[in-house]
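The structure under discussion appears below in the form of C-alpha cells.
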Amino acid sequence: MRLGSGAFAACCVAIEVVGVAIFIRGFFPAPVRSSVRPEHGVETPAPEPVAGASSNWTKLPSPLFSKVVIVLIDALRDDFVFGSKGVKYMPYTTYLVEKGASHSFVAEAKPPTVTMPRIKALMTGSIPGFVDVIRNLNSPVLLEDNVIRQAKAAGKRMIFYGDETWLKLFPKHFVEYDGTTSFFVSDYIEVDNNVTRHLDKVLKRGDWDVLILHYLGLDHIGHISGPNSPLIGHKLSEMDSILMKIHTSLLSKERETLLPSLLVLCGDHGMSETGSHGASSTEEVSTPLILISSAFERKPGDIQHPKHVQQTDLAATLAIGLGLPIPKDSVGSLLFPVIEGKPMREQLRFLHLNTLQLSKLLQENVPSYEKDSGFEQFKMAERLHGNWVKLHLEENHSDVLLGLGTKVLRQYLGALKTLSLSLSTQVAHYDIYSMAVGTVVVLEVLTLFLLSTPHVLCRKDELDVPLLSPVSSLLFYLLFLVLSAIHVLVCTSSESSCYLCSLPWLAAGGVMVLVAALLCAILSALIRMVADGTLLKKSASHPSSGWSEVDLLLLLGTVGHVLSLGASSFVEEEHQTCSDHKAQLSGLAALSLAVIFMLVQKGCSLVSKAALALGLLGVFCYRAATGIVLFPWQPDNKSISKGIIEARFVYVFVLGILFTGTKGLLKAQVIAADFKTRTLGLWEIHSGLVLLAALLLRPHNLPVLAFSLLIQTIMTEFIWKHLRHDAAKITVMHYWFGQAFFYFQGNSNNIATIDISAGFVGLDTYMEIPATFLTVFGTYVGPVLWASHLVHFLSSETNNGSALSRACFCYALIGSVPVAAYIVLVTSLRYHLFIWSVFSPKLLYEGMHLLITAALCAVFTATNQTRHTRA
C-alpha cells in the first residue's frame with residue numbers, strides 16, 4: 001500500500017493520539033472509594049461503644065444547627081481575608097474573625113485546583129482524581145455519597161444560587177435554584193448580581209434548611225487582570241456587605257428557633273499571582289474557611305490564629321452539624337472546635353462516628369489495614385470509649401470520668417489525624433493494563449516512524465507501507481488470538497476495574513486488531529529493510545551522505561530535551577530552558593502592533609493590508625475598552641467595559657483575511673492559477689492567524705508576538721534562503737521555535753498558566769465550542785504560527801510537493817518522540833513524590849500537544865493535496 005510521506009505521518013499521529021488517550025485513561029485512576037453504594041434512605045448508624053453495659057444511644061445525634069448557609073466565593077485566597085486586603089476591604093468579616101463567635105481556618109485544597117473537583121471535595125470529603133481537571137468543563141452527575149444527597153434523604157429543603165456546576169453535580173436536589181454560567185470570565189458583575197438578587201426574599205422566609213451561594217465574580221476578575229487589580233478590592237467589599245446581610249438576618253431569626261444557625265464562608269480554590277488556578281502553588285491551594293455561629297463561645301480578648309486544615313474536613317463537619325451520616329468516601333476529619341462546647345458524651349459520640357467511618361474506608365482500600373497506626377489508635381480509643389460509657393452510666397460525676405474522657409478524646413483526635421493522612425496519601429490503583437496497551441500503541445507508531453525515516457530523508461515522496469499483506473498473514477491472526485486471550489485473562493482475573501475491560505467487545509477487539517496490525521507492519525518493514533540491505537549499507541544514490549554540524553545540533557537538541565523530561569526540576573522549569581505601568585504598557589503595545597503590521601503586510605494583497613491595519617487598530621481599541629491600555633487622550637479612571645463590539649470588529653477582519661487567503665488557494669487548485677496566487681493565499685491565511693493571535697494575547701505578550709514574526713523574517717531572508725537547508729532541517733527549526741515561543745508567551749507545564757480569558761474575547765454569552773477553540777488557539781499560538789509559516793515557506797521556496805510531505809513527516813516524528821519517551825517515564829515514576837503536582841500536568845500537556853500536532857499534520861497533508869490535484 002503506497003502512501004505519501006505526509007499522509008502516512010498524519011495517519012500515524014492519529015493512531016498515536018488514540019494510544020495516548022488510552023494511556024491517560026489508565027494513568028489517572030480513581031481515588032480510594034467505599035465499596036458500599038449510597039442508599040436512598042438514611043442508614044442506621046453504628047451504636048455507641050459499650051463495655052459490659054448496654055447503651056440506648058444507637059441513633060445519630062441531634063443536629064447542632066437549625067439552618068446552614070454556605071457562601072462559597074470562587075478563587076478566594078486566604079490572604080484576601082486574613083491579610084491586608086481583608087482588613088481594608090472586608091472589615092465586617094475581619095471583625096468576626098478576630099472578635100466574633102467564629103472559628104477560622106486555612107483550608108488546603110489538593111490539586112487540581114479547579115472548581116468541579118473542589119466542590120466534590122467539599123461535599124464528599126474525598127480527594128477527586130487529577131483527571132477531573134478535564135471533566136471540569138462538562139461536569140457529570142456526582143454519584144458518590146455526599147452531604148447534599150444525605151440532606152435530601154433526610155428531608156432537608158435546600159436552595160442554591162450561583163455556579164451551575166452544582167446543578168450538574170446535584171440535579172433534582174434543590175427545591176429552588178438559579179444557575180449562572182461559570183466559564184464566561186469576562187463577566188464579573190451580572191454573574192454575582194444574579195445570585196444576590198434572590199437574597200432578600202429568601203432570608204425573610206423560613207421554609208429552608210440549607211442555602212448555598214456560589215459567587216464567581218472574584219475568580220473572573222482574577223482571570224482578566226490578576227490578584228492585584230483594583231477590581232479585587234471592590235469585589236471583596238461587595239462580598240463583605242453580603243456576608244454582613246446574611247449574618248445579621250440569621251441572628252435576627254434565631255429567636256424563633258431552638259437551635260442556632262451556621263454561616264460558612266469558604267473558597268473552592270485560591271488564585272495564583274497571574275490570576276489563574278489549577279496547580280499546586282501556595283496561593284492556589286490556600287483558601288479561607290470561616291465557621292460563624294452564636295453557638296461558638298468566644299472569651300473577650302481571645303485572639304485565635306487560623307489553623308491549617310484540609311478542605312475535605314468540611315464534609316464531615318457539615319454532616320455532624322446537620323445530624324447526617326458522614327459521606328462514606330470522606331477522608332476528612334471533623335473540625336473539633338465546632339463541638340468542643342458540647343457535653344463530653346456527645347463529643348466522644350461525634351468523634352467515634354468519624355473515626356469508625358474512616359477505619360471502614362481504610363479496611364476496604366488497604367489490605368494491611370490492621371498494621372496501620374491510625375487503625376490501632378482507633379481500636380484503642382474505641383475500647384477506652386466503651387469503658388468511659390460504662391463509667392458514665394454508673395456515676396455521672398467524678399474526676400476519674402473526666403480524666404478518662406479527656407484521654408479518650410485525645411486518642412480519637414490522634415486516630416482521626418493519622419487515619420485521614422493515611423487515606424489521603426494512599427496510592428491510588430493505576431490501570432496498568434490500559435497504560436500498557438496505550439504505551440504499546442505509541443511505541444509501535446514511533447518504531448514505524450523511525451523505520452520510515454531513511455526513506456523520507458532520501459527524498460522519497462511516497463512510502464510503501466507494509467500493511468495489507470501482514471493483515472492477511474497467519475502471523476496477524478495468531479497475534480490477534482494471543483492478544484484476545486490476554487485480554488480475556490486480564491478482564492476475568494483483575495480485582496480492580498480496567499477501562500479496556502469495560503469497553504464493548506467490538507471496541508476492545510478493534511484495539512487488539514490495531515496492536516496486531518501495527519506489530520505485523522513493523523516486522524514486515526524490518527524484514528524488507530534487511531532484505532534490501534538498507535540496515536547494512538548506505539544508499540547508493542547518496543554515497544557521500546553523512547552527519548553535518550547542523551544535523552548533529554538538531555539531533556543532540558532533540559535527545560537532550562527528551563532526556564530532561566525524566567527530572568521533576570526540568571519539567572517544572574521547562575519554560576526557563578526554552579525560554580506595569582499602564583502608560584508604558586500602552587506605548588509598548590502600540591509599538592508592537594505597528595511592528596506586527598510592518599512585518600506581515602508585505603506579503604498581503606492591498607485589500608488584506610487595509611483589513612490587517614484596521615484589525616490591529618481594533619485590537620488596541622479592544623484593550624483600551626477593557627481598561628488594560630490607554631489612548632493618549634483617555635483618562636486613567638475611565639469606566640471600563642467588556643469590549644464586545646471592539647473584539648467583534650476585529651473578528652470581522654480576521655474572517656475576511658482568512659476568506660481571501662482560502663479563496664486564493666482554491667483558485668490555484670481549480671483554475672490552475674499561477675504559483676504566485678497560491679503563495680499569496682498561504683501568506684494571507686498566516687496573516688489572518690497573526691491578527692487573531694494579536695487579539696487573544698494579553699498586551700504584555702504583543703512584543704513576544706512581534707519578536708516571533710521578526711525572527712521568522714530574519715531566518716527566512718538571511719538563513720534558510722541562502723544556506724538552502726533541506727525540508728527536514730527547516731521543519732525541525734520551525735518546531736523548536738514554535739515550542740520556544742509557547743513558553744515565551746508565559747505558558748509552562750503548570751495548568752494555572754492557561755489563560756482561559758482568551759476563550760471569551762468578544763462573546764457576551766458562554767458558547768462552548770468557540771470558547772474552547774479560542775482558548776486552545778490562544779495557548780498554542782507559538783506552535784501554530786510557526787507551523788503556518790513553515791507551510792508558506794516550503795510552498796513558496798521549493799514549489800515542490802515532496803518538500804511539504806517530508807516536512808509533515810518530520811514534524812510528526814519530532815512531536816512523537818517526546819510523547820513516547822514521556823509515557824514510559826511517567827509509568828516508571830508513577831510512585832514519585834511529585835507525580836501529581838509535576839509529572840501529571842505535563843502528561844496532559846503532552847497529550848494536547850500531540851492532538852495539535854495531528855491537526856497540523858492534517859492541514860499539511862490537505863495543503864499538499866491541492867498541489868497534487870493541480871499537477
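If you're wondering about the labels, chains in the C-alpha cells are A, B, ... by order shown, residues count from 1 in each chain, ligands from 1 in order shown.
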
Near-Ala75 in chain A list (6 Å; only C-alpha atoms; drop same-chain fewer than 5 positions) as a compact mmCIF listing (two decimals) with C-alpha atoms, in the first residue's frame:
```
# COMPACT_ATOMS: atom_id res chain seq x y z
CA ASP A 219 -12.50 34.40 40.03
CA GLY A 267 -13.36 29.33 48.75
CA HIS A 269 -9.51 27.25 45.43
CA GLY A 270 -7.12 30.15 45.53
CA MET A 271 -5.57 32.33 42.84
```

Could you name the residues that touch Ala151 in chain A at 12 Å or less, counting only C-alpha atoms, but leaving out those on the same chain fewer than 6 positions away, as a tab-separated table (two decimals) with all heavy atoms, in the first residue's frame?
```tsv
chain	number	residue	atom	x	y	z
A	40	HIS	N	-30.79	5.00	49.34
A	40	HIS	CA	-31.74	6.10	49.09
A	40	HIS	C	-32.24	6.71	50.39
A	40	HIS	O	-32.66	7.84	50.43
A	40	HIS	CB	-32.93	5.59	48.28
A	40	HIS	CG	-32.53	5.17	46.89
A	40	HIS	ND1	-32.15	6.09	45.94
A	40	HIS	CD2	-32.45	3.96	46.31
A	40	HIS	CE1	-31.86	5.46	44.80
A	40	HIS	NE2	-32.03	4.16	45.01
A	41	GLY	N	-32.21	5.97	51.47
A	41	GLY	CA	-32.66	6.49	52.75
A	41	GLY	C	-31.50	6.72	53.69
A	41	GLY	O	-30.36	6.44	53.39
A	42	VAL	N	-31.81	7.26	54.89
A	42	VAL	CA	-30.79	7.50	55.89
A	42	VAL	C	-30.51	6.18	56.59
A	42	VAL	O	-31.41	5.55	57.15
A	42	VAL	CB	-31.27	8.56	56.91
A	42	VAL	CG1	-30.22	8.77	57.98
A	42	VAL	CG2	-31.58	9.88	56.19
A	63	PRO	N	-29.15	17.33	65.34
A	63	PRO	CA	-28.41	18.39	64.63
A	63	PRO	C	-27.92	19.45	65.59
A	63	PRO	O	-28.55	19.74	66.62
A	63	PRO	CB	-29.43	18.95	63.65
A	63	PRO	CG	-30.46	17.87	63.48
A	63	PRO	CD	-30.52	17.17	64.81
A	67	LYS	N	-30.25	25.96	60.71
A	67	LYS	CA	-30.05	26.35	59.32
A	67	LYS	C	-28.55	26.49	59.04
A	67	LYS	O	-27.78	26.87	59.91
A	67	LYS	CB	-30.75	27.67	59.00
A	67	LYS	CG	-32.27	27.63	59.07
A	67	LYS	CD	-32.86	28.97	58.69
A	67	LYS	CE	-34.38	28.98	58.81
A	67	LYS	NZ	-35.01	28.00	57.92
A	68	VAL	N	-28.19	26.18	57.81
A	68	VAL	CA	-26.80	26.33	57.37
A	68	VAL	C	-26.78	27.13	56.08
A	68	VAL	O	-27.51	26.81	55.13
A	68	VAL	CB	-26.12	24.96	57.16
A	68	VAL	CG1	-24.73	25.15	56.55
A	68	VAL	CG2	-26.03	24.19	58.47
A	123	MET	N	-18.08	18.58	49.35
A	123	MET	CA	-19.34	17.92	49.66
A	123	MET	C	-19.21	16.41	49.92
A	123	MET	O	-20.06	15.83	50.57
A	123	MET	CB	-20.34	18.15	48.52
A	123	MET	CG	-20.78	19.59	48.37
A	123	MET	SD	-21.67	20.23	49.83
A	123	MET	CE	-20.42	21.27	50.59
A	145	ASP	N	-21.32	9.21	47.51
A	145	ASP	CA	-22.05	9.66	48.69
A	145	ASP	C	-21.58	11.06	49.06
A	145	ASP	O	-20.38	11.34	49.04
A	145	ASP	CB	-21.80	8.68	49.84
A	145	ASP	CG	-22.79	8.89	50.98
A	145	ASP	OD1	-23.81	9.58	50.76
A	145	ASP	OD2	-22.54	8.37	52.08
A	157	ARG	N	-34.69	20.84	53.14
A	157	ARG	CA	-35.03	21.67	51.99
A	157	ARG	C	-33.83	22.56	51.69
A	157	ARG	O	-33.41	23.36	52.52
A	157	ARG	CB	-36.26	22.52	52.29
A	157	ARG	CG	-37.52	21.69	52.44
A	157	ARG	CD	-38.72	22.55	52.80
A	157	ARG	NE	-38.96	23.62	51.84
A	157	ARG	CZ	-39.64	23.48	50.70
A	157	ARG	NH1	-40.17	22.30	50.40
A	157	ARG	NH2	-39.81	24.50	49.88
A	158	MET	N	-33.31	22.42	50.47
A	158	MET	CA	-32.08	23.12	50.09
A	158	MET	C	-32.35	24.06	48.92
A	158	MET	O	-33.10	23.73	48.00
A	158	MET	CB	-31.00	22.11	49.70
A	158	MET	CG	-30.53	21.25	50.87
A	158	MET	SD	-29.35	19.97	50.36
A	158	MET	CE	-30.46	18.87	49.47
A	159	ILE	N	-31.70	25.22	48.97
A	159	ILE	CA	-31.81	26.25	47.93
A	159	ILE	C	-30.41	26.58	47.45
A	159	ILE	O	-29.46	26.66	48.25
A	159	ILE	CB	-32.52	27.51	48.48
A	159	ILE	CG1	-33.96	27.18	48.88
A	159	ILE	CG2	-32.51	28.63	47.45
A	159	ILE	CD1	-34.70	28.34	49.52
A	170	PHE	N	-25.49	17.95	41.21
A	170	PHE	CA	-26.60	17.57	42.09
A	170	PHE	C	-27.95	17.92	41.45
A	170	PHE	O	-28.66	18.80	41.92
A	170	PHE	CB	-26.48	18.28	43.44
A	170	PHE	CG	-25.12	18.17	44.07
A	170	PHE	CD1	-24.26	19.27	44.10
A	170	PHE	CD2	-24.69	16.99	44.63
A	170	PHE	CE1	-23.00	19.18	44.68
A	170	PHE	CE2	-23.44	16.88	45.21
A	170	PHE	CZ	-22.59	17.98	45.24
A	173	HIS	N	-31.84	18.06	43.39
A	173	HIS	CA	-31.59	18.05	44.84
A	173	HIS	C	-32.09	19.33	45.51
A	173	HIS	O	-32.30	19.33	46.72
A	173	HIS	CB	-30.10	17.88	45.14
A	173	HIS	CG	-29.58	16.50	44.91
A	173	HIS	ND1	-29.44	15.94	43.67
A	173	HIS	CD2	-29.17	15.55	45.80
A	173	HIS	CE1	-28.96	14.71	43.79
A	173	HIS	NE2	-28.79	14.46	45.06
A	174	PHE	N	-32.27	20.40	44.73
A	174	PHE	CA	-32.63	21.69	45.32
A	174	PHE	C	-34.10	22.00	45.02
A	174	PHE	O	-34.58	21.82	43.90
A	174	PHE	CB	-31.73	22.79	44.76
A	174	PHE	CG	-30.26	22.55	44.99
A	174	PHE	CD1	-29.44	22.15	43.95
A	174	PHE	CD2	-29.71	22.72	46.25
A	174	PHE	CE1	-28.10	21.92	44.15
A	174	PHE	CE2	-28.36	22.49	46.46
A	174	PHE	CZ	-27.54	22.08	45.42
A	208	TRP	N	-36.66	26.82	54.58
A	208	TRP	CA	-35.49	26.12	54.03
A	208	TRP	C	-34.54	25.76	55.17
A	208	TRP	O	-34.57	26.36	56.24
A	208	TRP	CB	-34.78	26.98	52.99
A	208	TRP	CG	-34.42	28.37	53.45
A	208	TRP	CD1	-35.19	29.49	53.35
A	208	TRP	CD2	-33.20	28.77	54.11
A	208	TRP	NE1	-34.55	30.56	53.90
A	208	TRP	CE2	-33.31	30.15	54.37
A	208	TRP	CE3	-32.04	28.11	54.49
A	208	TRP	CZ2	-32.31	30.87	55.01
A	208	TRP	CZ3	-31.04	28.81	55.13
A	208	TRP	CH2	-31.17	30.19	55.37
A	209	ASP	N	-33.70	24.79	54.89
A	209	ASP	CA	-32.73	24.33	55.88
A	209	ASP	C	-31.29	24.64	55.49
A	209	ASP	O	-30.45	24.89	56.34
A	209	ASP	CB	-32.87	22.81	56.09
A	209	ASP	CG	-34.27	22.42	56.53
A	209	ASP	OD1	-34.66	22.83	57.63
A	209	ASP	OD2	-34.97	21.72	55.77
A	210	VAL	N	-31.01	24.56	54.18
A	210	VAL	CA	-29.65	24.79	53.69
A	210	VAL	C	-29.73	25.76	52.52
A	210	VAL	O	-30.50	25.55	51.59
A	210	VAL	CB	-28.97	23.48	53.24
A	210	VAL	CG1	-27.57	23.77	52.72
A	210	VAL	CG2	-28.92	22.48	54.39
A	211	LEU	N	-28.91	26.82	52.57
A	211	LEU	CA	-28.81	27.79	51.48
A	211	LEU	C	-27.36	27.84	51.02
A	211	LEU	O	-26.45	28.05	51.82
A	211	LEU	CB	-29.26	29.18	51.96
A	211	LEU	CG	-29.05	30.35	50.99
A	211	LEU	CD1	-29.86	30.15	49.72
A	211	LEU	CD2	-29.39	31.68	51.66
A	315	ALA	N	-16.83	18.37	54.85
A	315	ALA	CA	-17.95	17.46	54.63
A	315	ALA	C	-18.35	16.76	55.92
A	315	ALA	O	-19.54	16.70	56.26
A	315	ALA	CB	-17.58	16.41	53.57
A	318	LEU	N	-20.01	19.40	58.27
A	318	LEU	CA	-21.38	19.74	57.89
A	318	LEU	C	-22.34	18.59	58.20
A	318	LEU	O	-23.47	18.82	58.64
A	318	LEU	CB	-21.43	20.06	56.40
A	318	LEU	CG	-20.82	21.40	55.96
A	318	LEU	CD1	-20.89	21.53	54.44
A	318	LEU	CD2	-21.54	22.57	56.62
A	319	ALA	N	-21.90	17.36	57.94
A	319	ALA	CA	-22.76	16.21	58.21
A	319	ALA	C	-23.10	16.14	59.69
A	319	ALA	O	-24.28	15.94	60.07
A	319	ALA	CB	-22.06	14.92	57.76
A	320	ILE	N	-22.11	16.28	60.56
A	320	ILE	CA	-22.36	16.27	62.01
A	320	ILE	C	-23.25	17.44	62.41
A	320	ILE	O	-24.18	17.31	63.22
A	320	ILE	CB	-21.03	16.31	62.77
A	320	ILE	CG1	-20.24	15.02	62.55
A	320	ILE	CG2	-21.27	16.55	64.27
A	320	ILE	CD1	-20.91	13.77	63.07
A	321	GLY	N	-22.96	18.62	61.82
A	321	GLY	CA	-23.75	19.80	62.18
A	321	GLY	C	-25.21	19.70	61.79
A	321	GLY	O	-26.08	20.26	62.46
A	322	LEU	N	-25.51	18.96	60.71
A	322	LEU	CA	-26.89	18.80	60.24
A	322	LEU	C	-27.52	17.51	60.74
A	322	LEU	O	-28.66	17.20	60.38
A	322	LEU	CB	-26.92	18.83	58.71
A	322	LEU	CG	-26.63	20.18	58.05
A	322	LEU	CD1	-26.42	20.01	56.56
A	322	LEU	CD2	-27.78	21.17	58.32
A	323	GLY	N	-26.79	16.73	61.55
A	323	GLY	CA	-27.33	15.48	62.06
A	323	GLY	C	-27.44	14.40	60.98
A	323	GLY	O	-28.39	13.62	60.99
A	324	LEU	N	-26.47	14.36	60.06
A	324	LEU	CA	-26.49	13.42	58.94
A	324	LEU	C	-25.33	12.44	59.05
A	324	LEU	O	-24.33	12.72	59.71
A	324	LEU	CB	-26.38	14.19	57.61
A	324	LEU	CG	-27.40	15.29	57.36
A	324	LEU	CD1	-27.00	16.07	56.11
A	324	LEU	CD2	-28.79	14.70	57.20
A	325	PRO	N	-25.40	11.30	58.38
A	325	PRO	CA	-24.25	10.39	58.32
A	325	PRO	C	-23.11	11.04	57.53
A	325	PRO	O	-23.34	11.76	56.57
A	325	PRO	CB	-24.79	9.16	57.58
A	325	PRO	CG	-26.28	9.26	57.68
A	325	PRO	CD	-26.60	10.71	57.73
A	326	ILE	N	-21.90	10.76	57.93
A	326	ILE	CA	-20.73	11.26	57.21
A	326	ILE	C	-20.63	10.51	55.89
A	326	ILE	O	-20.79	9.29	55.85
A	326	ILE	CB	-19.45	11.06	58.04
A	326	ILE	CG1	-19.55	11.86	59.34
A	326	ILE	CG2	-18.21	11.49	57.26
A	326	ILE	CD1	-18.42	11.60	60.31
A	327	PRO	N	-20.39	11.21	54.76
A	327	PRO	CA	-20.26	10.51	53.47
A	327	PRO	C	-19.23	9.38	53.54
A	327	PRO	O	-18.17	9.52	54.13
A	327	PRO	CB	-19.81	11.63	52.53
A	327	PRO	CG	-20.35	12.89	53.13
A	327	PRO	CD	-20.29	12.68	54.61
```

Who sits within 6 Å of Gly374 in chain A, only C-alpha atoms, same chain under 4 positions skipped, as a PyMOL selection string: chain A and resi 415+418-419

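Rounded to one decimal, CA of Lys642 in chain A and CA of Thr626 in chain A lie 5.6 Å from each other.
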
Residue set, range 600-669 of chain A restricted to helix (DSSP H, G or I), as a ChimeraX atom specification: /A:600-603,606-625,644-669

Shell of 6 Å around range 224-234 of chain A, only C-alpha atoms, local chain residues under 3 positions omitted, as a VMD selection string: chain A and resid 89 221 237 274 to 275
